[in-house]
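**Q** What follows is run.cif, mmCIF, C-alpha atoms; chains and numbers go by the auth columns.
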```
data_model
loop_
_atom_site.group_PDB
_atom_site.id
_atom_site.type_symbol
_atom_site.label_atom_id
_atom_site.label_comp_id
_atom_site.label_asym_id
_atom_site.label_seq_id
_atom_site.Cartn_x
_atom_site.Cartn_y
_atom_site.Cartn_z
_atom_site.B_iso_or_equiv
_atom_site.auth_seq_id
_atom_site.auth_asym_id
ATOM 1 C CA GLN A 1 89.908 107.434 101.510 0.00 33 A
ATOM 2 C CA VAL A 2 91.889 105.500 98.919 0.00 34 A
ATOM 3 C CA THR A 3 92.803 101.915 99.770 0.00 35 A
ATOM 4 C CA LEU A 4 94.160 99.035 97.731 0.00 36 A
ATOM 5 C CA LYS A 5 94.603 95.410 98.694 0.00 37 A
ATOM 6 C CA GLU A 6 96.311 92.645 96.802 0.00 38 A
ATOM 7 C CA SER A 7 95.368 88.993 96.928 0.00 39 A
ATOM 8 C CA GLY A 8 96.994 85.945 95.423 0.00 40 A
ATOM 9 C CA PRO A 9 97.770 82.251 95.933 0.00 41 A
ATOM 10 C CA GLY A 10 100.749 82.652 98.262 0.00 42 A
ATOM 11 C CA ILE A 11 102.666 79.749 96.820 0.00 43 A
ATOM 12 C CA LEU A 12 102.786 78.105 93.404 0.00 44 A
ATOM 13 C CA GLN A 13 104.978 75.740 91.453 0.00 45 A
ATOM 14 C CA PRO A 14 107.386 76.568 88.642 0.00 46 A
ATOM 15 C CA SER A 15 105.721 76.880 85.226 0.00 47 A
ATOM 16 C CA GLN A 16 102.341 77.696 86.740 0.00 48 A
ATOM 17 C CA THR A 17 100.425 80.919 86.059 0.00 49 A
ATOM 18 C CA LEU A 18 100.152 83.508 88.797 0.00 50 A
ATOM 19 C CA SER A 19 96.823 85.308 89.123 0.00 51 A
ATOM 20 C CA LEU A 20 96.710 88.412 91.295 0.00 52 A
ATOM 21 C CA THR A 21 93.764 90.607 92.233 0.00 53 A
ATOM 22 C CA CYS A 22 93.874 94.207 93.358 0.00 54 A
ATOM 23 C CA SER A 23 90.701 95.311 95.140 0.00 55 A
ATOM 24 C CA PHE A 24 90.481 99.035 95.664 0.00 56 A
ATOM 25 C CA SER A 25 88.190 101.721 97.022 0.00 57 A
ATOM 26 C CA GLY A 26 88.097 105.492 97.110 0.00 58 A
ATOM 27 C CA PHE A 27 88.479 105.955 93.382 0.00 59 A
ATOM 28 C CA SER A 28 87.151 104.542 90.126 0.00 60 A
ATOM 29 C CA LEU A 29 89.114 103.150 87.209 0.00 61 A
ATOM 30 C CA SER A 30 86.458 104.586 84.936 0.00 62 A
ATOM 31 C CA THR A 31 87.491 108.109 85.906 0.00 63 A
ATOM 32 C CA TYR A 32 89.427 110.026 83.285 0.00 64 A
ATOM 33 C CA GLY A 33 93.187 109.825 83.866 0.00 65 A
ATOM 34 C CA MET A 34 93.056 107.076 86.459 0.00 66 A
ATOM 35 C CA CYS A 35 95.512 104.197 86.373 0.00 67 A
ATOM 36 C CA VAL A 36 96.422 101.135 88.432 0.00 68 A
ATOM 37 C CA GLY A 37 99.851 99.597 88.251 0.00 69 A
ATOM 38 C CA TRP A 38 101.601 96.478 89.502 0.00 70 A
ATOM 39 C CA ILE A 39 105.085 96.562 90.979 0.00 71 A
ATOM 40 C CA ARG A 40 107.084 93.777 92.601 0.00 72 A
ATOM 41 C CA GLN A 41 109.969 93.534 95.018 0.00 73 A
ATOM 42 C CA SER A 42 112.144 90.499 95.534 0.00 74 A
ATOM 43 C CA SER A 43 113.451 89.853 99.025 0.00 75 A
ATOM 44 C CA GLY A 44 116.115 92.415 99.880 0.00 76 A
ATOM 45 C CA LYS A 45 115.973 93.945 96.434 0.00 77 A
ATOM 46 C CA GLY A 46 114.523 96.999 94.791 0.00 78 A
ATOM 47 C CA LEU A 47 111.229 97.741 93.104 0.00 79 A
ATOM 48 C CA GLU A 48 110.400 96.556 89.594 0.00 80 A
ATOM 49 C CA TRP A 49 107.450 97.964 87.689 0.00 81 A
ATOM 50 C CA LEU A 50 105.416 95.337 85.844 0.00 82 A
ATOM 51 C CA ALA A 51 102.357 96.827 84.175 0.00 83 A
ATOM 52 C CA ASN A 52 99.809 99.672 84.133 0.00 84 A
ATOM 53 C CA ILE A 53 96.191 99.761 83.073 0.00 85 A
ATOM 54 C CA TRP A 54 94.431 103.073 82.415 0.00 86 A
ATOM 55 C CA TRP A 55 90.824 104.225 82.662 0.00 87 A
ATOM 56 C CA ASN A 56 90.455 103.916 78.875 0.00 88 A
ATOM 57 C CA ASP A 57 91.820 100.335 78.921 0.00 89 A
ATOM 58 C CA ASP A 58 95.246 101.317 77.599 0.00 90 A
ATOM 59 C CA LYS A 59 97.816 98.855 78.855 0.00 91 A
ATOM 60 C CA TYR A 60 101.557 99.142 79.288 0.00 92 A
ATOM 61 C CA TYR A 61 103.937 96.346 80.144 0.00 93 A
ATOM 62 C CA ASN A 62 107.535 96.026 81.238 0.00 94 A
ATOM 63 C CA PRO A 63 109.322 94.924 78.058 0.00 95 A
ATOM 64 C CA SER A 64 111.502 92.514 80.020 0.00 96 A
ATOM 65 C CA LEU A 65 108.410 90.514 80.994 0.00 97 A
ATOM 66 C CA LYS A 66 105.902 91.580 78.380 0.00 98 A
ATOM 67 C CA ASN A 67 105.271 88.172 76.831 0.00 99 A
ATOM 68 C CA ARG A 68 104.318 86.767 80.207 0.00 100 A
ATOM 69 C CA LEU A 69 102.073 89.541 81.554 0.00 101 A
ATOM 70 C CA THR A 70 98.397 90.263 81.137 0.00 102 A
ATOM 71 C CA ILE A 71 96.742 93.137 82.994 0.00 103 A
ATOM 72 C CA SER A 72 92.986 93.660 83.073 0.00 104 A
ATOM 73 C CA LYS A 73 90.287 95.389 85.101 0.00 105 A
ATOM 74 C CA ASP A 74 86.716 95.058 86.305 0.00 106 A
ATOM 75 C CA THR A 75 85.535 98.614 86.689 0.00 107 A
ATOM 76 C CA SER A 76 82.150 97.655 88.102 0.00 108 A
ATOM 77 C CA ASN A 77 83.741 95.799 91.009 0.00 109 A
ATOM 78 C CA ASN A 78 86.728 98.131 91.512 0.00 110 A
ATOM 79 C CA GLN A 79 89.305 95.473 90.769 0.00 111 A
ATOM 80 C CA ALA A 80 92.412 95.123 88.663 0.00 112 A
ATOM 81 C CA PHE A 81 94.145 91.879 87.796 0.00 113 A
ATOM 82 C CA LEU A 82 97.547 90.666 86.750 0.00 114 A
ATOM 83 C CA LYS A 83 98.448 87.307 85.301 0.00 115 A
ATOM 84 C CA ILE A 84 102.029 86.120 84.919 0.00 116 A
ATOM 85 C CA THR A 85 102.608 82.938 83.001 0.00 117 A
ATOM 86 C CA ASN A 86 105.411 80.410 83.334 0.00 118 A
ATOM 87 C CA MET A 87 106.411 81.406 86.850 0.00 119 A
ATOM 88 C CA ASP A 88 109.954 80.665 87.991 0.00 120 A
ATOM 89 C CA THR A 89 111.713 80.742 91.354 0.00 121 A
ATOM 90 C CA ALA A 90 113.162 84.097 90.265 0.00 122 A
ATOM 91 C CA ASP A 91 109.610 85.500 90.327 0.00 123 A
ATOM 92 C CA THR A 92 109.363 84.955 94.077 0.00 124 A
ATOM 93 C CA ALA A 93 108.565 88.422 95.396 0.00 125 A
ATOM 94 C CA THR A 94 106.100 90.697 97.106 0.00 126 A
ATOM 95 C CA TYR A 95 103.652 92.018 94.545 0.00 127 A
ATOM 96 C CA TYR A 96 102.090 95.445 94.998 0.00 128 A
ATOM 97 C CA CYS A 97 99.295 97.243 93.248 0.00 129 A
ATOM 98 C CA ALA A 98 99.202 101.006 93.324 0.00 130 A
ATOM 99 C CA ARG A 99 97.159 103.874 91.977 0.00 131 A
ATOM 100 C CA GLY A 100 99.272 105.700 89.488 0.00 132 A
ATOM 101 C CA ARG A 101 99.362 108.487 86.954 0.00 133 A
ATOM 102 C CA GLY A 102 103.074 108.383 86.276 0.00 134 A
ATOM 103 C CA THR A 103 103.868 108.194 89.919 0.00 135 A
ATOM 104 C CA PHE A 104 102.153 105.862 92.372 0.00 136 A
ATOM 105 C CA ASP A 105 100.378 107.854 95.037 0.00 137 A
ATOM 106 C CA TYR A 106 98.628 105.062 96.919 0.00 138 A
ATOM 107 C CA TRP A 107 99.940 101.531 97.420 0.00 139 A
ATOM 108 C CA GLY A 108 98.592 98.322 98.803 0.00 140 A
ATOM 109 C CA GLN A 109 100.477 96.472 101.529 0.00 141 A
ATOM 110 C CA GLY A 110 101.602 93.839 99.053 0.00 142 A
ATOM 111 C CA VAL A 111 101.101 90.098 98.762 0.00 143 A
ATOM 112 C CA MET A 112 103.986 87.683 99.037 0.00 144 A
ATOM 113 C CA VAL A 113 104.238 85.080 96.304 0.00 145 A
ATOM 114 C CA THR A 114 106.632 82.157 96.574 0.00 146 A
ATOM 115 C CA VAL A 115 107.489 79.944 93.640 0.00 147 A
ATOM 116 C CA SER A 116 108.742 76.585 94.789 0.00 148 A
ATOM 117 C CA SER A 117 108.578 72.969 93.753 0.00 149 A
ATOM 118 C CA ASP B 1 115.230 101.625 79.859 0.00 282 B
ATOM 119 C CA VAL B 2 116.406 104.532 82.003 0.00 283 B
ATOM 120 C CA GLN B 3 118.761 103.266 84.681 0.00 284 B
ATOM 121 C CA MET B 4 118.478 104.982 88.063 0.00 285 B
ATOM 122 C CA THR B 5 121.526 104.989 90.324 0.00 286 B
ATOM 123 C CA GLN B 6 120.935 105.894 93.940 0.00 287 B
ATOM 124 C CA SER B 7 123.567 106.836 96.491 0.00 288 B
ATOM 125 C CA PRO B 8 124.469 106.157 99.161 0.00 289 B
ATOM 126 C CA SER B 9 123.081 102.653 99.694 0.00 290 B
ATOM 127 C CA ASN B 10 123.173 103.119 103.434 0.00 291 B
ATOM 128 C CA LEU B 11 123.124 106.218 105.557 0.00 292 B
ATOM 129 C CA ALA B 12 123.287 106.566 109.335 0.00 293 B
ATOM 130 C CA ALA B 13 122.127 109.725 111.054 0.00 294 B
ATOM 131 C CA SER B 14 120.675 111.001 114.314 0.00 295 B
ATOM 132 C CA PRO B 15 117.384 112.770 114.959 0.00 296 B
ATOM 133 C CA GLY B 16 117.735 116.475 114.320 0.00 297 B
ATOM 134 C CA GLU B 17 120.382 116.054 111.637 0.00 298 B
ATOM 135 C CA SER B 18 119.962 116.701 107.920 0.00 299 B
ATOM 136 C CA VAL B 19 120.677 114.123 105.221 0.00 300 B
ATOM 137 C CA SER B 20 120.736 114.015 101.441 0.00 301 B
ATOM 138 C CA ILE B 21 120.109 111.111 99.090 0.00 302 B
ATOM 139 C CA ASN B 22 121.123 111.289 95.466 0.00 303 B
ATOM 140 C CA CYS B 23 119.630 109.759 92.354 0.00 304 B
ATOM 141 C CA LYS B 24 121.220 109.814 88.928 0.00 305 B
ATOM 142 C CA ALA B 25 119.439 108.906 85.716 0.00 306 B
ATOM 143 C CA SER B 26 121.225 107.305 82.766 0.00 307 B
ATOM 144 C CA LYS B 27 119.720 109.949 80.494 0.00 308 B
ATOM 145 C CA SER B 28 117.757 113.154 80.915 0.00 309 B
ATOM 146 C CA ILE B 29 114.348 112.703 82.506 0.00 310 B
ATOM 147 C CA SER B 30 113.576 116.433 82.625 0.00 311 B
ATOM 148 C CA LYS B 31 112.021 117.069 86.063 0.00 312 B
ATOM 149 C CA TYR B 32 110.152 113.771 86.316 0.00 313 B
ATOM 150 C CA LEU B 33 111.594 112.140 89.388 0.00 314 B
ATOM 151 C CA ALA B 34 109.664 110.821 92.370 0.00 315 B
ATOM 152 C CA TRP B 35 110.756 109.802 95.857 0.00 316 B
ATOM 153 C CA TYR B 36 109.112 107.120 97.999 0.00 317 B
ATOM 154 C CA GLN B 37 109.503 105.991 101.576 0.00 318 B
ATOM 155 C CA GLN B 38 109.187 102.328 102.498 0.00 319 B
ATOM 156 C CA LYS B 39 108.756 101.089 106.057 0.00 320 B
ATOM 157 C CA PRO B 40 107.971 97.588 107.358 0.00 321 B
ATOM 158 C CA GLY B 41 104.282 96.914 107.777 0.00 322 B
ATOM 159 C CA LYS B 42 103.261 100.158 106.076 0.00 323 B
ATOM 160 C CA ALA B 43 102.203 100.976 102.548 0.00 324 B
ATOM 161 C CA ASN B 44 104.847 102.669 100.446 0.00 325 B
ATOM 162 C CA LYS B 45 104.475 106.414 100.586 0.00 326 B
ATOM 163 C CA LEU B 46 104.923 108.873 97.749 0.00 327 B
ATOM 164 C CA LEU B 47 106.841 111.849 99.144 0.00 328 B
ATOM 165 C CA ILE B 48 107.779 113.995 96.172 0.00 329 B
ATOM 166 C CA TYR B 49 107.043 113.978 92.449 0.00 330 B
ATOM 167 C CA SER B 50 108.171 116.006 89.466 0.00 331 B
ATOM 168 C CA GLY B 51 111.479 116.517 91.192 0.00 332 B
ATOM 169 C CA SER B 52 110.400 118.980 93.839 0.00 333 B
ATOM 170 C CA THR B 53 106.616 118.913 94.318 0.00 334 B
ATOM 171 C CA LEU B 54 105.619 117.676 97.743 0.00 335 B
ATOM 172 C CA GLN B 55 102.818 115.129 97.741 0.00 336 B
ATOM 173 C CA SER B 56 99.912 116.151 99.951 0.00 337 B
ATOM 174 C CA GLY B 57 100.737 115.216 103.528 0.00 338 B
ATOM 175 C CA THR B 58 104.512 115.174 103.103 0.00 339 B
ATOM 176 C CA PRO B 59 106.139 117.201 105.875 0.00 340 B
ATOM 177 C CA SER B 60 107.965 120.359 104.805 0.00 341 B
ATOM 178 C CA ARG B 61 111.262 119.036 106.188 0.00 342 B
ATOM 179 C CA PHE B 62 111.419 116.951 103.004 0.00 343 B
ATOM 180 C CA SER B 63 112.576 118.659 99.842 0.00 344 B
ATOM 181 C CA GLY B 64 113.576 117.555 96.379 0.00 345 B
ATOM 182 C CA SER B 65 115.788 119.236 93.835 0.00 346 B
ATOM 183 C CA GLY B 66 117.391 118.599 90.494 0.00 347 B
ATOM 184 C CA SER B 67 116.573 118.186 86.838 0.00 348 B
ATOM 185 C CA GLY B 68 117.951 116.405 83.824 0.00 349 B
ATOM 186 C CA THR B 69 119.973 113.530 85.237 0.00 350 B
ATOM 187 C CA ASP B 70 120.837 114.512 88.810 0.00 351 B
ATOM 188 C CA PHE B 71 118.397 114.737 91.696 0.00 352 B
ATOM 189 C CA THR B 72 118.581 115.032 95.462 0.00 353 B
ATOM 190 C CA LEU B 73 116.204 114.292 98.312 0.00 354 B
ATOM 191 C CA THR B 74 117.008 116.291 101.434 0.00 355 B
ATOM 192 C CA ILE B 75 115.502 115.662 104.827 0.00 356 B
ATOM 193 C CA ARG B 76 116.133 118.400 107.364 0.00 357 B
ATOM 194 C CA ASN B 77 115.806 118.008 111.109 0.00 358 B
ATOM 195 C CA LEU B 78 115.290 114.238 111.013 0.00 359 B
ATOM 196 C CA GLU B 79 112.405 112.855 113.032 0.00 360 B
ATOM 197 C CA PRO B 80 112.368 109.290 114.427 0.00 361 B
ATOM 198 C CA GLU B 81 109.661 108.295 111.924 0.00 362 B
ATOM 199 C CA ASP B 82 111.905 109.234 108.971 0.00 363 B
ATOM 200 C CA PHE B 83 114.143 106.197 109.320 0.00 364 B
ATOM 201 C CA GLY B 84 113.514 103.577 106.666 0.00 365 B
ATOM 202 C CA LEU B 85 114.114 102.895 102.997 0.00 366 B
ATOM 203 C CA TYR B 86 113.941 105.534 100.275 0.00 367 B
ATOM 204 C CA TYR B 87 113.569 104.916 96.553 0.00 368 B
ATOM 205 C CA CYS B 88 113.659 107.213 93.574 0.00 369 B
ATOM 206 C CA GLN B 89 111.624 106.542 90.429 0.00 370 B
ATOM 207 C CA GLN B 90 111.684 108.220 87.061 0.00 371 B
ATOM 208 C CA HIS B 91 108.244 109.005 85.652 0.00 372 B
ATOM 209 C CA ASN B 92 109.352 110.577 82.397 0.00 373 B
ATOM 210 C CA GLU B 93 108.957 107.567 80.148 0.00 374 B
ATOM 211 C CA TYR B 94 107.935 103.931 80.025 0.00 375 B
ATOM 212 C CA PRO B 95 108.960 101.712 81.628 0.00 376 B
ATOM 213 C CA PRO B 96 109.021 103.527 84.961 0.00 377 B
ATOM 214 C CA THR B 97 112.234 102.549 86.713 0.00 378 B
ATOM 215 C CA PHE B 98 113.339 102.713 90.316 0.00 379 B
ATOM 216 C CA GLY B 99 116.637 103.210 92.049 0.00 380 B
ATOM 217 C CA ALA B 100 118.045 100.402 94.206 0.00 381 B
ATOM 218 C CA GLY B 101 117.158 102.205 97.412 0.00 382 B
ATOM 219 C CA THR B 102 118.844 103.968 100.317 0.00 383 B
ATOM 220 C CA LYS B 103 118.511 102.633 103.830 0.00 384 B
ATOM 221 C CA LEU B 104 118.401 105.479 106.346 0.00 385 B
ATOM 222 C CA GLU B 105 119.332 104.108 109.749 0.00 386 B
ATOM 223 C CA LEU B 106 119.521 105.506 113.222 0.00 387 B
ATOM 224 C CA LYS B 107 123.100 106.277 114.249 0.00 388 B
#
```
Before anything else, please render the file you have as C-alpha cells.

**A**
Amino acid sequence: QVTLKESGPGILQPSQTLSLTCSFSGFSLSTYGMCVGWIRQSSGKGLEWLANIWWNDDKYYNPSLKNRLTISKDTSNNQAFLKITNMDTADTATYYCARGRGTFDYWGQGVMVTVSS
Amino acid sequence: DVQMTQSPSNLAASPGESVSINCKASKSISKYLAWYQQKPGKANKLLIYSGSTLQSGTPSRFSGSGSGTDFTLTIRNLEPEDFGLYYCQQHNEYPPTFGAGTKLELK
C-alpha cells in the first residue's frame, strides 16, 4: 500500500525559508524509475508543479521558481524534502508530494503553508 | 511551458447523465495527457494517463480520448461519488503543467 504524508511548519514569515518533508511508504526511491514530486495549490486555484527527484538523484525544477527550490531525498528513511527560499505571501498554498513517473499516481493529503507577517 | 486550457470551468449534471470535459494544449503533447479527480479531504486521484489508459482502479465509466492538442474526459452514467474537481495535466515534457480545473456539481 503506497502512502505519502507531507509535513511542514504551517506558518512562516515573508523572506523565510520553507522546509517540507514527504514521508512515504509502500515504495522505495532507490527503485529504478521511481520519482517523487512536489506540487502546490493556492486557495481556489489550480495545481502548480514545483520539482521532481528521481531514483538516480536526477532533479527537475519549475523554471519559474528554480532559483528558490531545492529538492533532496533520504532513501534510507523513505523521505523526500523540498526547500523554498525567500517565501512571500504569494507562496501561501497547500503543498503536496506525490509519487510520479510523468504522471502522479499517489498523492499525499497535502500540508497547508501560510506566509504572513 | 505548455499551457493547458480546460473547459468548461463549471459543469452541473445529475446522476445517471454523461458529461465531457475538454482540455486543450498550447502545442502538441502527443498522447501524454492525464486526468485527476480532486475531492475535499481525499488524496488526489489519477484517473487516466497517456490520453486514454485507465489507471488501475478507475471505473470503466470513465474514458479519455484525444491526441496532439485536444483531449476529452467523458464520464458516463454519473455516480454520486463522481462530483468534484477534475484537472488535466500534460506529461509530455518538463515542466508538467495542469489545466485550471473543472468543477463538476450536482444539478

**Q** Within 7 Å of chain A, which residues of chain B show up? Give each one with its shortest atom-to-atom distance in Å (one decimal) and the two atoms involved, counting only C-alpha atoms, rows by chain then rising residue number, as a Markdown table.

**A**
```
| residue | atom | partner | partner_atom | distance |
| --- | --- | --- | --- | --- |
| B:Ala315 | CA | A:Thr135 | CA | 6.8 |
| B:Lys323 | CA | A:Gln141 | CA | 6.5 |
| B:Ala324 | CA | A:Gln141 | CA | 4.9 |
| B:Asn325 | CA | A:Trp139 | CA | 5.9 |
| B:Leu327 | CA | A:Asp137 | CA | 5.4 |
| B:His372 | CA | A:Gly134 | CA | 5.2 |
| B:Pro376 | CA | A:Asn94 | CA | 5.9 |
| B:Pro377 | CA | A:Trp81 | CA | 6.4 |
| B:Thr378 | CA | A:Trp81 | CA | 6.7 |
| B:Phe379 | CA | A:Leu79 | CA | 6.1 |
| B:Ala381 | CA | A:Gly78 | CA | 4.9 |
| B:Gly382 | CA | A:Gly78 | CA | 6.4 |
```

**Q** With the file shown as input, list the residues that the PyMOL selection byres ((chain A and resi 54) around 12) selects, as a short mmCIF file (atom, residue, chain, number, x, y, z; two decimals) with C-alpha atoms, keeping the file's coordinate frame.

**A**
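File result-v7.cif, as written:
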```
data_model
loop_
_atom_site.label_atom_id
_atom_site.label_comp_id
_atom_site.auth_asym_id
_atom_site.auth_seq_id
_atom_site.Cartn_x
_atom_site.Cartn_y
_atom_site.Cartn_z
CA THR A 35 92.80 101.92 99.77
CA LEU A 36 94.16 99.04 97.73
CA LYS A 37 94.60 95.41 98.69
CA GLU A 38 96.31 92.64 96.80
CA SER A 39 95.37 88.99 96.93
CA GLY A 40 96.99 85.94 95.42
CA SER A 51 96.82 85.31 89.12
CA LEU A 52 96.71 88.41 91.30
CA THR A 53 93.76 90.61 92.23
CA SER A 55 90.70 95.31 95.14
CA PHE A 56 90.48 99.04 95.66
CA SER A 57 88.19 101.72 97.02
CA LEU A 61 89.11 103.15 87.21
CA VAL A 68 96.42 101.14 88.43
CA GLY A 69 99.85 99.60 88.25
CA TRP A 70 101.60 96.48 89.50
CA ILE A 71 105.08 96.56 90.98
CA ILE A 85 96.19 99.76 83.07
CA ILE A 103 96.74 93.14 82.99
CA SER A 104 92.99 93.66 83.07
CA LYS A 105 90.29 95.39 85.10
CA ASP A 106 86.72 95.06 86.30
CA THR A 107 85.54 98.61 86.69
CA ASN A 109 83.74 95.80 91.01
CA ASN A 110 86.73 98.13 91.51
CA GLN A 111 89.30 95.47 90.77
CA ALA A 112 92.41 95.12 88.66
CA PHE A 113 94.14 91.88 87.80
CA LEU A 114 97.55 90.67 86.75
CA LYS A 115 98.45 87.31 85.30
CA TYR A 127 103.65 92.02 94.54
CA TYR A 128 102.09 95.44 95.00
CA CYS A 129 99.30 97.24 93.25
CA ALA A 130 99.20 101.01 93.32
CA ARG A 131 97.16 103.87 91.98
CA TRP A 139 99.94 101.53 97.42
CA GLY A 140 98.59 98.32 98.80
CA GLN A 141 100.48 96.47 101.53
CA GLY A 142 101.60 93.84 99.05
CA VAL A 143 101.10 90.10 98.76
#
```

**Q** So that I can check the surroundings of B:Leu314, please list as a PDB file with C-alpha atoms, in the frame of the given file every protein, DNA and RNA residue that reaches within 7 Å of it, counting only C-alpha atoms and ignoring chain neighbours fewer than 6 positions away.

**A**
```pdb
ATOM      1  CA  TYR B 330     107.043 113.978  92.449  1.00  0.00           C
ATOM      2  CA  SER B 331     108.171 116.006  89.466  1.00  0.00           C
ATOM      3  CA  GLY B 332     111.479 116.517  91.192  1.00  0.00           C
ATOM      4  CA  CYS B 369     113.659 107.213  93.574  1.00  0.00           C
ATOM      5  CA  GLN B 370     111.624 106.542  90.429  1.00  0.00           C
ATOM      6  CA  GLN B 371     111.684 108.220  87.061  1.00  0.00           C
ATOM      7  CA  HIS B 372     108.244 109.005  85.652  1.00  0.00           C
TER       8      HIS B 372
END
```

**Q** Could you list the residues chosen by the PyMOL selection byres ((chain B and resi 384) around 12) in this structure as a PyMOL selection string?

**A** (chain A and resi 76-78) or (chain B and resi 287-294+300-302+317-320+363-368+380-383+385-388)

**Q** If you count all atoms listed in the file, which residues fall within 8 Å of B:Glu298, apart from same-chain ones fewer than 6 positions away, as a PDB file with C-alpha atoms, keeping the file's coordinate frame?

**A**
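Ended up saving to part.pdb:
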```pdb
ATOM      1  CA  ARG B 357     116.133 118.400 107.364  1.00  0.00           C
ATOM      2  CA  ASN B 358     115.806 118.008 111.109  1.00  0.00           C
ATOM      3  CA  LEU B 359     115.290 114.238 111.013  1.00  0.00           C
TER       4      LEU B 359
END
```
